[in-house]
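Chemist: The structure follows.
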Amino acid sequence: MTRTRTAMLAALTLVAGASGTALAAHSASAGAAAPACTVDYEVQNDWGSGFTAAVTVTNNGAATSAWSLGWTYAGSQKVTNGWNAKVSQSGAAVTAANESYNGTLSTGGSASFGFQATYSGTNAVPAAFTLNGVTCNVDGGGPTDPTDPTDPTDPPETGDRVDNPYEGAKVYVNPEWSAKAAAEPGGARVANQPTGVWLDRIAAINGVNGGMGLRDHLDEALAQKGSGELAVQLVIYNLPGRDCSALASNGELGPTEIDKYKTQYIDPIAAILADPKYAGLRIVTTVEIDSLPNLVTNVSGRPTATPNCDVMKANGNYQKGVGYALNKLGDIGNVYNYVDAGHHGWLGWDDNFGPSAEMFKTAATTEGATVGDVHGFIVNTANYSALKEDHFTITDSVNGTSVRQSKWVDWNRYTDELSYAQAMRDKLVSIGFDRNLGMLIDTSRNGWGGTARPTGPGAATTVDTYVNGGRYDRRIHLGNWCNQSGAGLGERPQAGPAAGIDAYVWMKPPGESDGASKEIENDEGKGFDRMCDPTYQGNARNGNSPSGALPDAPVSGHWFSAQFQELMKNAYPPLS
């Protein structure tokens with residue numbers, strides 16, 4: 001059980017004595033001024049040898065442009081890293097000073113930060129704090145020793161994880177995405193659908209440009225939950241050297257910045273998710289899409305190799321980052337980790353399928369993680385592969401030629417995401433993952449409806465006319481991934497739709513761009529990938545085919561109205 005202890009620290013009133021020494025007045029009858037500060041120190045996650053804590057300091061004195069909070073530990077606690085403050089330690093004394101962006105504390109204003117620390121023995125809350133030299137003492141209250149069973153701040157134990165977090169639960173509707181969808185002509189038809197919340201950079205944890213941060217989303221999720229169950233979907237997506245085979249989704253962290261990923265990204269997320277306030281939510285994480293398979297398919301020895309993927313394979317920071325995230329998030333009792341497992345058009349070939357499964361296990365047993373930290377896997381995240389192809393199967397043949405020999409299938413063993421997800425699940429269980437492993441399929445953009453949707457098999461003239469005439473997936477090539485022309489909304493999110501499948505989800509919010517169709521300067525680390533350029537004629541990863549991308553797209557993650565309209569027009573099942 002995670003044990004949480006909170007100390008509310010009501011500041012003492014300070015008055016000047018005759019000698020000029022600050023004297024503490026212990027009650028209002030002393031005629032003192034208002035309390036100078038209040039500190040909330042909360043241990044959010046304690047695993048016996050270490051802990052994370054969240055601290056909020058409120059300034060009730062004169063406004064200040066810089067602040068420094070100090071305290072002294074009575075035990076062996078040692079701070080190892082912090083976020084949203086510069087936290088340092090000398091002996092037992094700890095100092096937390098503001099960052100450049102949160103130094104201003106108005107009268108009545110607050111600042112929050114967090115940190116991680118180790119300890120042995122007991123982990124008592126500090127007895128006293130100082131804010132810019134002014135002493136704040138512990139308000140009278142109950143015991144703070146974590147070994148005391150009467151500690152009134154201990155949250156109730158959370159129950160065991162359920163087998164399927166989507167079963168019997170509503171799923172969080174992101175109000176920011178919902179508002180954008182509703183503002184589009186016809187968008188109200190889908191604006192109430194649940195979508196993933198993408199934490200694609202450090203700043204997203206606290207909110208970007210005035211937008212909602214992680215706590216804002218979780219607070220809103222509690223409001224949506226009411227008295228029932230609710231799952232909230234988060235995308236953990238900020239690895240160092242992110243997406244080494246593409247440019248549109250590159251991130252803010254360089255290939256070697258694994259420590260920054262751990263301490264400034266994963267640790268703060270884990271600290272927030274561990275807040276007992278959110279213990280009643282089912283928190284689903286999609287962990288680092290498009291990362292681990294790159295170390296199999298896009299490295300030296302493959303025609304699709306890129307130098308950046310060789311770098312990431314050599315330094316091991318993808319495995320380390322995923323393992324660290326699984327370990328930290330998996331320690332939180334109401335978090336359900338789902339690792340990204342590509343899609344059938346990427347990993348469905350024999351030389352990709354098995355090695356990728358082994359790579360997933362390597363990451364899931366790195367940096368303290370175990371296979372028990374993985375609740376399931378997700379496929380087709382932010383991709384377009386059809387859920388189920390009805391008009392041809394992998395065992396069909398035309399005039400003695402196997403469907404596998406068609407240019408579209410190209411010897412792949414799978415024709416769609418459902419068959420691939422179920423097969424990948426069986427493979428993962430066979431190499432040691434939990435036999436109750438659940439799969440998610442992202443159906444946000446794989447409907448392929450509209451007038452171009454086939455109603456029956458193609459002509460049995462050749463294997464290519466048979467497959468191409470009957471396939472729902474109308475992409476020029478399976479390797480095309482950016483803002484695909486003709487795509488439509490897929491199956492609406494639903495729980496338990498097929499054997500081994502926990503849910504169909506819209507993890508990629510429809511209407512958010514995959515990447516810019518031309519180079520656009522931005523401060524998010526996102527580059528220009530020619531696969532998002534509608535004039536591009538391709539490379540080895542898409543069979544040297546045209547990209548099939550829509551024109552005039554913004555950088556990845558930004559709202560793309562034309563794409564949203566296209567997705568609604570081609571939705572399958574159709575929108576009413």
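Each chain in the structure tokens gets a letter, A, B, ..., in the order shown, and its residues are numbered from 1; ligands are numbered from 1 in order too.
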Using the chain letters and numbers from this document, which residues of segment 292-474 of chain A does DSSP assign to strand (DSSP E or B), as a PyMOL selection string?
Modeler: chain A and resi 335-340+376-379+397-398+401-402+438-442
Chemist: With only C-alpha atoms as the basis for distance, which of A:Ile258, A:Phe113, A:Pro165, A:Ala314 is at the shortest distance from Asn206 of chain A?
Modeler: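 When distances to Asn206 of chain A are compared using only C-alpha atoms, the smallest one comes from A:Phe113.
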Chemist: For Arg435 of chain A, please output as a ChimeraX atom specification all residues within 12 Å (counting only C-alpha atoms; exclusion window: fewer than 3 positions along the same chain).
Modeler: /A:163,371-372,374-376,425-432,438-439,500
Chemist: Output the selection as a PDB file, in the first residue's frame - N, CA, C and O atoms for each residue.
Modeler:
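Contents of part09.pdb, as written:
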ATOM      1  N   ASP A 163      -9.486  -6.744 -14.206  1.00  0.00           N
ATOM      2  CA  ASP A 163      -8.921  -7.403 -15.387  1.00  0.00           C
ATOM      3  C   ASP A 163      -8.955  -6.487 -16.603  1.00  0.00           C
ATOM      4  O   ASP A 163      -8.013  -6.442 -17.390  1.00  0.00           O
ATOM      5  N   VAL A 371       7.491  -7.909 -16.029  1.00  0.00           N
ATOM      6  CA  VAL A 371       6.343  -8.106 -16.915  1.00  0.00           C
ATOM      7  C   VAL A 371       5.036  -7.836 -16.176  1.00  0.00           C
ATOM      8  O   VAL A 371       4.015  -7.521 -16.792  1.00  0.00           O
ATOM      9  N   GLY A 372       5.060  -7.927 -14.845  1.00  0.00           N
ATOM     10  CA  GLY A 372       3.880  -7.618 -14.056  1.00  0.00           C
ATOM     11  C   GLY A 372       3.491  -6.156 -14.082  1.00  0.00           C
ATOM     12  O   GLY A 372       2.373  -5.799 -13.701  1.00  0.00           O
ATOM     13  N   VAL A 374       3.181  -4.568 -16.796  1.00  0.00           N
ATOM     14  CA  VAL A 374       2.506  -4.393 -18.088  1.00  0.00           C
ATOM     15  C   VAL A 374       1.126  -5.022 -18.017  1.00  0.00           C
ATOM     16  O   VAL A 374       0.996  -6.235 -17.849  1.00  0.00           O
ATOM     17  N   HIS A 375       0.096  -4.200 -18.127  1.00  0.00           N
ATOM     18  CA  HIS A 375      -1.275  -4.724 -18.111  1.00  0.00           C
ATOM     19  C   HIS A 375      -1.699  -5.194 -19.492  1.00  0.00           C
ATOM     20  O   HIS A 375      -2.552  -6.071 -19.620  1.00  0.00           O
ATOM     21  N   GLY A 376      -1.116  -4.595 -20.519  1.00  0.00           N
ATOM     22  CA  GLY A 376      -1.487  -4.977 -21.873  1.00  0.00           C
ATOM     23  C   GLY A 376      -0.660  -4.231 -22.897  1.00  0.00           C
ATOM     24  O   GLY A 376       0.339  -3.579 -22.574  1.00  0.00           O
ATOM     25  N   ARG A 425      -0.787 -10.866 -29.030  1.00  0.00           N
ATOM     26  CA  ARG A 425      -1.113 -11.208 -27.653  1.00  0.00           C
ATOM     27  C   ARG A 425      -0.682 -12.640 -27.343  1.00  0.00           C
ATOM     28  O   ARG A 425      -0.048 -12.896 -26.313  1.00  0.00           O
ATOM     29  N   ASP A 426      -1.011 -13.580 -28.217  1.00  0.00           N
ATOM     30  CA  ASP A 426      -0.632 -14.975 -27.987  1.00  0.00           C
ATOM     31  C   ASP A 426       0.889 -15.128 -27.906  1.00  0.00           C
ATOM     32  O   ASP A 426       1.403 -15.871 -27.063  1.00  0.00           O
ATOM     33  N   LYS A 427       1.599 -14.418 -28.776  1.00  0.00           N
ATOM     34  CA  LYS A 427       3.062 -14.486 -28.768  1.00  0.00           C
ATOM     35  C   LYS A 427       3.624 -13.936 -27.462  1.00  0.00           C
ATOM     36  O   LYS A 427       4.527 -14.546 -26.851  1.00  0.00           O
ATOM     37  N   LEU A 428       3.109 -12.811 -27.004  1.00  0.00           N
ATOM     38  CA  LEU A 428       3.609 -12.196 -25.778  1.00  0.00           C
ATOM     39  C   LEU A 428       3.348 -13.075 -24.562  1.00  0.00           C
ATOM     40  O   LEU A 428       4.202 -13.205 -23.676  1.00  0.00           O
ATOM     41  N   VAL A 429       2.188 -13.696 -24.510  1.00  0.00           N
ATOM     42  CA  VAL A 429       1.895 -14.609 -23.404  1.00  0.00           C
ATOM     43  C   VAL A 429       2.861 -15.791 -23.448  1.00  0.00           C
ATOM     44  O   VAL A 429       3.343 -16.250 -22.402  1.00  0.00           O
ATOM     45  N   SER A 430       3.182 -16.263 -24.647  1.00  0.00           N
ATOM     46  CA  SER A 430       4.060 -17.429 -24.775  1.00  0.00           C
ATOM     47  C   SER A 430       5.479 -17.160 -24.305  1.00  0.00           C
ATOM     48  O   SER A 430       6.207 -18.097 -23.955  1.00  0.00           O
ATOM     49  N   ILE A 431       5.909 -15.877 -24.268  1.00  0.00           N
ATOM     50  CA  ILE A 431       7.277 -15.568 -23.833  1.00  0.00           C
ATOM     51  C   ILE A 431       7.322 -15.010 -22.411  1.00  0.00           C
ATOM     52  O   ILE A 431       8.350 -14.503 -21.981  1.00  0.00           O
ATOM     53  N   GLY A 432       6.192 -15.088 -21.698  1.00  0.00           N
ATOM     54  CA  GLY A 432       6.254 -14.768 -20.277  1.00  0.00           C
ATOM     55  C   GLY A 432       5.365 -13.670 -19.775  1.00  0.00           C
ATOM     56  O   GLY A 432       5.325 -13.424 -18.562  1.00  0.00           O
ATOM     57  N   GLY A 438      -4.294  -7.928 -21.885  1.00  0.00           N
ATOM     58  CA  GLY A 438      -5.352  -7.342 -22.715  1.00  0.00           C
ATOM     59  C   GLY A 438      -4.762  -6.458 -23.793  1.00  0.00           C
ATOM     60  O   GLY A 438      -3.719  -5.832 -23.602  1.00  0.00           O
ATOM     61  N   MET A 439      -5.443  -6.384 -24.915  1.00  0.00           N
ATOM     62  CA  MET A 439      -4.983  -5.560 -26.032  1.00  0.00           C
ATOM     63  C   MET A 439      -5.962  -4.411 -26.264  1.00  0.00           C
ATOM     64  O   MET A 439      -7.176  -4.551 -26.071  1.00  0.00           O
ATOM     65  N   GLY A 500      -9.702 -11.316 -26.274  1.00  0.00           N
ATOM     66  CA  GLY A 500      -8.377 -10.792 -25.974  1.00  0.00           C
ATOM     67  C   GLY A 500      -8.236  -9.292 -26.117  1.00  0.00           C
ATOM     68  O   GLY A 500      -7.171  -8.741 -25.848  1.00  0.00           O
TER      69      GLY A 500
END
Chemist: Enumerate the residues of segment 167-326 of chain A with a DSSP assignment of helix (DSSP H, G or I), computed from the backbone, and present them as a ChimeraX atom specification.
Modeler: /A:175-183,187-189,202-205,214-225,258-273,276-278,294-297,307-315,317-326
Chemist: Can you pull out the residues contacting Lys388 of chain A? Cut-off 10 Å, using only C-alpha atoms, and skip same-chain residues under 4 positions away; I want them as a PDB file with all heavy atoms, in the first residue's frame.
Modeler:
ATOM      1  N   PHE A 392     -11.108 -10.460 -48.120  1.00  0.00           N
ATOM      2  CA  PHE A 392     -10.037 -11.407 -48.443  1.00  0.00           C
ATOM      3  C   PHE A 392      -9.388 -11.857 -47.151  1.00  0.00           C
ATOM      4  O   PHE A 392      -9.433 -11.158 -46.136  1.00  0.00           O
ATOM      5  CB  PHE A 392      -9.005 -10.794 -49.394  1.00  0.00           C
ATOM      6  CG  PHE A 392      -8.222  -9.645 -48.828  1.00  0.00           C
ATOM      7  CD1 PHE A 392      -6.945  -9.839 -48.292  1.00  0.00           C
ATOM      8  CD2 PHE A 392      -8.745  -8.354 -48.837  1.00  0.00           C
ATOM      9  CE1 PHE A 392      -6.221  -8.779 -47.766  1.00  0.00           C
ATOM     10  CE2 PHE A 392      -8.023  -7.287 -48.315  1.00  0.00           C
ATOM     11  CZ  PHE A 392      -6.761  -7.501 -47.779  1.00  0.00           C
ATOM     12  N   THR A 393      -8.803 -13.034 -47.163  1.00  0.00           N
ATOM     13  CA  THR A 393      -8.098 -13.566 -46.005  1.00  0.00           C
ATOM     14  C   THR A 393      -6.686 -13.950 -46.413  1.00  0.00           C
ATOM     15  O   THR A 393      -6.377 -14.081 -47.611  1.00  0.00           O
ATOM     16  CB  THR A 393      -8.803 -14.813 -45.433  1.00  0.00           C
ATOM     17  OG1 THR A 393      -8.624 -15.914 -46.336  1.00  0.00           O
ATOM     18  CG2 THR A 393     -10.295 -14.564 -45.221  1.00  0.00           C
ATOM     19  N   THR A 415      -3.648  -9.409 -42.314  1.00  0.00           N
ATOM     20  CA  THR A 415      -4.320  -8.504 -43.243  1.00  0.00           C
ATOM     21  C   THR A 415      -4.967  -7.318 -42.556  1.00  0.00           C
ATOM     22  O   THR A 415      -5.382  -6.380 -43.214  1.00  0.00           O
ATOM     23  CB  THR A 415      -5.416  -9.260 -44.016  1.00  0.00           C
ATOM     24  OG1 THR A 415      -6.380  -9.761 -43.079  1.00  0.00           O
ATOM     25  CG2 THR A 415      -4.821 -10.411 -44.815  1.00  0.00           C
ATOM     26  N   ASP A 416      -5.073  -7.372 -41.212  1.00  0.00           N
ATOM     27  CA  ASP A 416      -5.777  -6.309 -40.495  1.00  0.00           C
ATOM     28  C   ASP A 416      -5.324  -6.281 -39.044  1.00  0.00           C
ATOM     29  O   ASP A 416      -4.565  -7.144 -38.588  1.00  0.00           O
ATOM     30  CB  ASP A 416      -7.289  -6.498 -40.587  1.00  0.00           C
ATOM     31  CG  ASP A 416      -7.749  -7.894 -40.190  1.00  0.00           C
ATOM     32  OD1 ASP A 416      -7.211  -8.456 -39.218  1.00  0.00           O
ATOM     33  OD2 ASP A 416      -8.650  -8.444 -40.861  1.00  0.00           O
ATOM     34  N   GLU A 417      -5.815  -5.283 -38.284  1.00  0.00           N
ATOM     35  CA  GLU A 417      -5.348  -5.079 -36.919  1.00  0.00           C
ATOM     36  C   GLU A 417      -5.911  -6.077 -35.921  1.00  0.00           C
ATOM     37  O   GLU A 417      -5.243  -6.439 -34.948  1.00  0.00           O
ATOM     38  CB  GLU A 417      -5.674  -3.656 -36.463  1.00  0.00           C
ATOM     39  CG  GLU A 417      -4.750  -2.624 -37.050  1.00  0.00           C
ATOM     40  CD  GLU A 417      -3.282  -2.949 -36.844  1.00  0.00           C
ATOM     41  OE1 GLU A 417      -2.800  -2.923 -35.701  1.00  0.00           O
ATOM     42  OE2 GLU A 417      -2.615  -3.248 -37.855  1.00  0.00           O
ATOM     43  N   LEU A 418      -7.132  -6.537 -36.116  1.00  0.00           N
ATOM     44  CA  LEU A 418      -7.708  -7.476 -35.163  1.00  0.00           C
ATOM     45  C   LEU A 418      -6.943  -8.792 -35.162  1.00  0.00           C
ATOM     46  O   LEU A 418      -6.571  -9.306 -34.097  1.00  0.00           O
ATOM     47  CB  LEU A 418      -9.187  -7.717 -35.468  1.00  0.00           C
ATOM     48  CG  LEU A 418      -9.915  -8.651 -34.498  1.00  0.00           C
ATOM     49  CD1 LEU A 418      -9.824  -8.136 -33.061  1.00  0.00           C
ATOM     50  CD2 LEU A 418     -11.385  -8.801 -34.915  1.00  0.00           C
ATOM     51  N   SER A 419      -6.669  -9.334 -36.340  1.00  0.00           N
ATOM     52  CA  SER A 419      -5.925 -10.601 -36.393  1.00  0.00           C
ATOM     53  C   SER A 419      -4.506 -10.423 -35.874  1.00  0.00           C
ATOM     54  O   SER A 419      -3.965 -11.297 -35.184  1.00  0.00           O
ATOM     55  CB  SER A 419      -5.911 -11.155 -37.821  1.00  0.00           C
ATOM     56  OG  SER A 419      -5.253 -10.269 -38.707  1.00  0.00           O
ATOM     57  N   TYR A 420      -3.883  -9.277 -36.180  1.00  0.00           N
ATOM     58  CA  TYR A 420      -2.533  -9.007 -35.693  1.00  0.00           C
ATOM     59  C   TYR A 420      -2.510  -8.863 -34.178  1.00  0.00           C
ATOM     60  O   TYR A 420      -1.645  -9.443 -33.497  1.00  0.00           O
ATOM     61  CB  TYR A 420      -1.989  -7.739 -36.349  1.00  0.00           C
ATOM     62  CG  TYR A 420      -0.730  -7.196 -35.700  1.00  0.00           C
ATOM     63  CD1 TYR A 420       0.495  -7.834 -35.870  1.00  0.00           C
ATOM     64  CD2 TYR A 420      -0.777  -6.055 -34.899  1.00  0.00           C
ATOM     65  CE1 TYR A 420       1.646  -7.344 -35.258  1.00  0.00           C
ATOM     66  CE2 TYR A 420       0.361  -5.556 -34.292  1.00  0.00           C
ATOM     67  CZ  TYR A 420       1.570  -6.204 -34.472  1.00  0.00           C
ATOM     68  OH  TYR A 420       2.700  -5.716 -33.858  1.00  0.00           O
ATOM     69  N   ASN A 446      -9.337   4.558 -38.676  1.00  0.00           N
ATOM     70  CA  ASN A 446      -9.200   3.404 -39.564  1.00  0.00           C
ATOM     71  C   ASN A 446     -10.531   2.892 -40.093  1.00  0.00           C
ATOM     72  O   ASN A 446     -10.681   1.728 -40.432  1.00  0.00           O
ATOM     73  CB  ASN A 446      -8.441   2.268 -38.872  1.00  0.00           C
ATOM     74  CG  ASN A 446      -9.227   1.606 -37.750  1.00  0.00           C
ATOM     75  OD1 ASN A 446     -10.270   2.106 -37.324  1.00  0.00           O
ATOM     76  ND2 ASN A 446      -8.731   0.475 -37.274  1.00  0.00           N
ATOM     77  N   GLY A 447     -11.542   3.793 -40.191  1.00  0.00           N
ATOM     78  CA  GLY A 447     -12.859   3.377 -40.652  1.00  0.00           C
ATOM     79  C   GLY A 447     -12.930   3.149 -42.153  1.00  0.00           C
ATOM     80  O   GLY A 447     -13.586   2.230 -42.621  1.00  0.00           O
ATOM     81  N   ARG A 471     -10.101  -4.416 -50.612  1.00  0.00           N
ATOM     82  CA  ARG A 471      -9.589  -3.956 -49.318  1.00  0.00           C
ATOM     83  C   ARG A 471     -10.228  -2.641 -48.897  1.00  0.00           C
ATOM     84  O   ARG A 471     -10.411  -1.736 -49.700  1.00  0.00           O
ATOM     85  CB  ARG A 471      -8.068  -3.847 -49.347  1.00  0.00           C
ATOM     86  CG  ARG A 471      -7.482  -2.866 -50.344  1.00  0.00           C
ATOM     87  CD  ARG A 471      -5.945  -2.917 -50.298  1.00  0.00           C
ATOM     88  NE  ARG A 471      -5.312  -2.228 -51.405  1.00  0.00           N
ATOM     89  CZ  ARG A 471      -4.949  -0.951 -51.399  1.00  0.00           C
ATOM     90  NH1 ARG A 471      -5.189  -0.206 -50.330  1.00  0.00           N
ATOM     91  NH2 ARG A 471      -4.346  -0.421 -52.442  1.00  0.00           N
ATOM     92  N   TYR A 472     -10.558  -2.549 -47.576  1.00  0.00           N
ATOM     93  CA  TYR A 472     -11.094  -1.313 -47.020  1.00  0.00           C
ATOM     94  C   TYR A 472     -10.023  -0.240 -46.922  1.00  0.00           C
ATOM     95  O   TYR A 472     -10.278   0.938 -47.181  1.00  0.00           O
ATOM     96  CB  TYR A 472     -11.664  -1.561 -45.623  1.00  0.00           C
ATOM     97  CG  TYR A 472     -12.840  -2.514 -45.562  1.00  0.00           C
ATOM     98  CD1 TYR A 472     -12.917  -3.485 -44.564  1.00  0.00           C
ATOM     99  CD2 TYR A 472     -13.872  -2.438 -46.489  1.00  0.00           C
ATOM    100  CE1 TYR A 472     -13.996  -4.351 -44.488  1.00  0.00           C
ATOM    101  CE2 TYR A 472     -14.955  -3.304 -46.425  1.00  0.00           C
ATOM    102  CZ  TYR A 472     -15.007  -4.261 -45.419  1.00  0.00           C
ATOM    103  OH  TYR A 472     -16.076  -5.116 -45.357  1.00  0.00           O
ATOM    104  N   ASP A 473      -8.840  -0.636 -46.478  1.00  0.00           N
ATOM    105  CA  ASP A 473      -7.719   0.297 -46.298  1.00  0.00           C
ATOM    106  C   ASP A 473      -7.315   0.814 -47.672  1.00  0.00           C
ATOM    107  O   ASP A 473      -6.756   0.079 -48.492  1.00  0.00           O
ATOM    108  CB  ASP A 473      -6.561  -0.433 -45.619  1.00  0.00           C
ATOM    109  CG  ASP A 473      -5.429   0.484 -45.208  1.00  0.00           C
ATOM    110  OD1 ASP A 473      -5.293   1.569 -45.799  1.00  0.00           O
ATOM    111  OD2 ASP A 473      -4.656   0.107 -44.300  1.00  0.00           O
TER     112      ASP A 473
END
Chemist: Which residue gives the smallest distance to Phe129 of chain A among A:Asn298, A:Ser110, A:Gln405, A:Thr72, with only C-alpha atoms counted?
Modeler: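 Checking each candidate against Phe129 of chain A, we get A:Thr72 as the closest.
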Chemist: Using only C-alpha atoms, find the one residue out of A:Ala452, A:Ala54, A:Met531, A:Val505 that sits nearest to Gly469 of chain A.
Modeler: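 Among the listed residues, A:Ala452 lies closest to Gly469 of chain A.
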Chemist: May I have the residues within 9 Å of Trp83 of chain A as a compact mmCIF listing (two decimals) with N, CA, C and O atoms, in the first residue's frame, using only C-alpha atoms and disregarding those fewer than 4 positions away in the same chain?
Modeler:
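So selection_28.txt came out as:
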# COMPACT_ATOMS: atom_id res chain seq x y z
N VAL A 87 16.18 21.91 -6.03
CA VAL A 87 16.24 21.29 -4.70
C VAL A 87 17.66 20.80 -4.44
O VAL A 87 18.21 20.03 -5.24
N PHE A 113 6.01 22.28 -6.05
CA PHE A 113 7.12 21.53 -6.63
C PHE A 113 7.11 20.13 -6.04
O PHE A 113 6.33 19.82 -5.11
N GLY A 114 7.95 19.29 -6.58
CA GLY A 114 8.04 17.92 -6.08
C GLY A 114 9.46 17.43 -6.09
O GLY A 114 10.36 18.05 -6.69
N PHE A 115 9.69 16.32 -5.43
CA PHE A 115 11.03 15.74 -5.41
C PHE A 115 10.96 14.25 -5.07
O PHE A 115 9.91 13.74 -4.63
N GLN A 116 12.06 13.60 -5.33
CA GLN A 116 12.21 12.19 -4.99
C GLN A 116 13.39 12.06 -4.03
O GLN A 116 14.37 12.81 -4.13
N THR A 263 13.84 12.20 -14.48
CA THR A 263 13.63 13.09 -13.33
C THR A 263 12.69 14.24 -13.63
O THR A 263 12.00 14.73 -12.72
N GLN A 264 12.64 14.71 -14.87
CA GLN A 264 11.82 15.87 -15.18
C GLN A 264 10.53 15.52 -15.89
O GLN A 264 9.64 16.36 -16.06
N TYR A 265 10.42 14.26 -16.33
CA TYR A 265 9.21 13.85 -17.05
C TYR A 265 8.47 12.73 -16.32
O TYR A 265 7.37 12.92 -15.80
N ASP A 267 9.14 11.09 -13.36
CA ASP A 267 8.96 11.26 -11.91
C ASP A 267 7.83 12.23 -11.58
O ASP A 267 6.99 11.93 -10.71
N PRO A 268 7.74 13.40 -12.21
CA PRO A 268 6.61 14.29 -11.90
C PRO A 268 5.26 13.69 -12.27
O PRO A 268 4.28 13.88 -11.55
Chemist: Have a look at atom CA of Val322 of chain A and atom CA of Leu239 of chain A and let me know their distance in Å, one decimal.
Modeler: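 These two atoms are separated by 8.0 Å.
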Chemist: By how many Å are atom CA of Ala203 of chain A and atom CA of Ser112 of chain A apart?
Modeler: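 Computed distance, atom CA of Ala203 of chain A to atom CA of Ser112 of chain A, equals 14.5 Å.
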Chemist: With only C-alpha atoms as the counted atoms, please give the residues lying no more than 8 Å from segment 348-353 of chain A, apart from itself and same-chain residues fewer than 6 positions off, as a VMD selection string.
Modeler: chain A and resid 296 to 297 411 to 414 420 424
Chemist: Please write the residues from the selection above to a file, keeping C-alpha atoms, as a compact mmCIF listing (two decimals), in the first residue's frame.
Modeler:
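After the write, selection-v8.txt holds the following:
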# COMPACT_ATOMS: atom_id res chain seq x y z
CA VAL A 296 14.16 -3.94 -34.78
CA THR A 297 13.10 -2.59 -38.17
CA TRP A 411 4.17 -11.68 -47.65
CA ASN A 412 2.81 -10.24 -44.41
CA ARG A 413 1.05 -12.82 -42.22
CA TYR A 414 -1.77 -10.46 -41.23
CA TYR A 420 -2.53 -9.01 -35.69
CA MET A 424 0.71 -10.61 -30.92
Chemist: When you look at Gly75 of chain A with a cut-off of 12 Å (counting only C-alpha atoms), what residues show up, excluding the ones that are within fewer than 5 positions of it in the same chain? I need them as a count of residues only.
Modeler: 15
Chemist: Which one is closest to Ala221 of chain A: A:Val43, A:Val173, A:Leu489, A:Ile236? Count only C-alpha atoms.
Modeler: A:Val173
Chemist: From the set A:Asn327, A:Thr95, A:Thr365, A:Gln89, which residue has the shortest atom-to-atom contact distance to Ser76 of chain A, counting only C-alpha atoms?
Modeler: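 Among A:Asn327, A:Thr95, A:Thr365, A:Gln89, it is A:Gln89 that comes nearest to Ser76 of chain A.
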Chemist: Between atom CA of Ile441 of chain A and atom CA of Pro185 of chain A, measure the distance and give it in Å to one decimal.
Modeler: 27.5 Å
Chemist: Which residue is closest to Arg215 of chain A? Choose from A:Val197, A:Met359, A:Gly323, A:Ser100 and count only C-alpha atoms.
Modeler: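 The answer is A:Val197, which sits nearest to Arg215 of chain A.
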